[in-house]
Amino acid sequence: MPFTRLAEATTPTARIGLGLAAVGRPGYLNLGRERDLPAERSADALRDRTRQLLDAAYAQGVRYVDTARSYGRAEEFLGEWLEEHPEAGEVVVGSKWGYVYTANWRVSADVHEVKEHSLAMFRTQRAETGQLLGDHLDLYQVHSVTPESPVLTDAEMQRALAELAGEGVSVGLSVSGPDQAEAVRRALEVTVDGEPLFRSLQATCNLLEPSVGEALAEAHDAGRWVIVKEAMANGRLAPEWAPEELRRVAEECDATCDAVALAVMLYQPWATVVLSGAATVEQLFTNLHAVTVDLTEEQRERLAALAESPADYWRHRSDLTWA
């Protein structure tokens with residue numbers, strides 16, 4: 001398992017990963033992108049930004065990088081960086097298949113990505129990822145699985161994924177939507193030839209949407225690796241938009257709101273990796289300060305009161321504008 005390498009890392013920030021969703025394409029759902037990205041969102045500009053983030057993350061001890069086929073050209077940018085940095089061989093690389101990027105490098109596209117969890121799509125995107133990441137790929141995840149996803153029931157597809165695992169690439173999945181917990185629990189039941197198929201689970205979990213936490217704890221107890229995504233709630237927990245209680249706790253801790261929000265996720269004993277979705281090096285540095293934040297039980301209880309119902313949270317997320 002690639003995460004065995006990660007578990008052996010000695011840097012304090014090894015449990016924080018870098019997600020490339022915000023910098024591999026010109027449009028995304030994060031708040032504040034008008035300020036965070038270069039005015040000219042050309043491929044060259046975002047390639048440079050991705051390289052800056054990867055350089056900084058690696059120098060600061062980050063050892064997991066997360067990307068996907070639908071993140072524009074993120075796999076391409078990451079693959080180029082890895083080839084230019086042979087010294088970064090211990091970095092664990094995860095990507096995802098199941099969405100096709102359709103915006104054609106436009107921010108104002110009507111449709112930015114199209115979901116398809118078919119065997120044909122897996123085979124197509126696995127070949128594409130292989131061309132861009134080659135032997136660097138450690139973990140290949142099904143992107144945004146919901147309880148009705150065919151990957152949880154289609155035996156032929158599960159067999160194909162097991163064959164990939166047999167080639168040395170770990171197989172996992174990410175979940176999304178208000179029924180994340182159900183999707184996680186169903187994934188834990190999937191086996192091929194008596195062996196668990198999905199070795200890692202990635203889920204949205206943050207102060208506003210913690211409902212999947214119990215299911216992730218079950219996954220951890222079952223020996224799976226757990227990756228936390230969207231810990232910043234697409235920017236809603238960043239200093240500019242943070243709830244007042246988060247601001248108060250951050251002030252008490254002499255920390256930034258983003259560092260506190262990430263620290264809460266790092267406190268979870270079931271979390272293997274918590275992703276930073278930083279779009280600037282400055283954001284990355286403040287995110288990484290999460291490892292220095294000490295939260296009292298009383299402060300964590302106050303922050304837990306910020307939770308929204310899953311339905312409300314995901315409704316709010318779906319209303320965000322690609323920018």
# chains A, B, ... in the order shown; residues from 1 in each chain; ligands from 1
$ residues_around --residues "range 15-22 of chain A" --least-positions-apart "4" --cutoff "7 Å" --atoms "only C-alpha atoms" --output "ChimeraX atom specification"
/A:28,62-67,71,74,272-277,279
$ select_by_dssp --residues "range 72-258 of chain A" --states "strand (DSSP E)" --output "PyMOL selection string"
chain A and resi 92-97+99-101+113-115+139-145+170-175+191-192+195-196+200-204+225-229
$ closest_residue --among "A:Gln52, A:Asn234, A:Gln180, A:Ser309" --to "Thr321 in chain A" --atoms "only C-alpha atoms"
A:Asn234
$ residues_around --residues "range 119-135 of chain A" --least-positions-apart "4" --cutoff "9 Å" --atoms "only C-alpha atoms" --output "list in words"
Ala68, Arg69, Glu75, Glu76, Phe77, Leu78, Gly79, Glu80, Leu82, Val93, Ser95, Lys96, Trp97, Gly98, Tyr99, Val100, Tyr140, Val142, Val151, Glu156, Met157, Ala160 and Leu161 of chain A
$ select_by_dssp --residues "range 148-242 of chain A" --states "helix (DSSP H, G or I)" --output "ChimeraX atom specification"
/A:150-152,155-166,180-188,213-221,233-235
$ residues_around --residues "range 207-223 of chain A" --least-positions-apart "3" --cutoff "6 Å" --atoms "only C-alpha atoms" --output "list in words"
Ala181, Trp270, Leu306, Ala307 and Glu308 of chain A
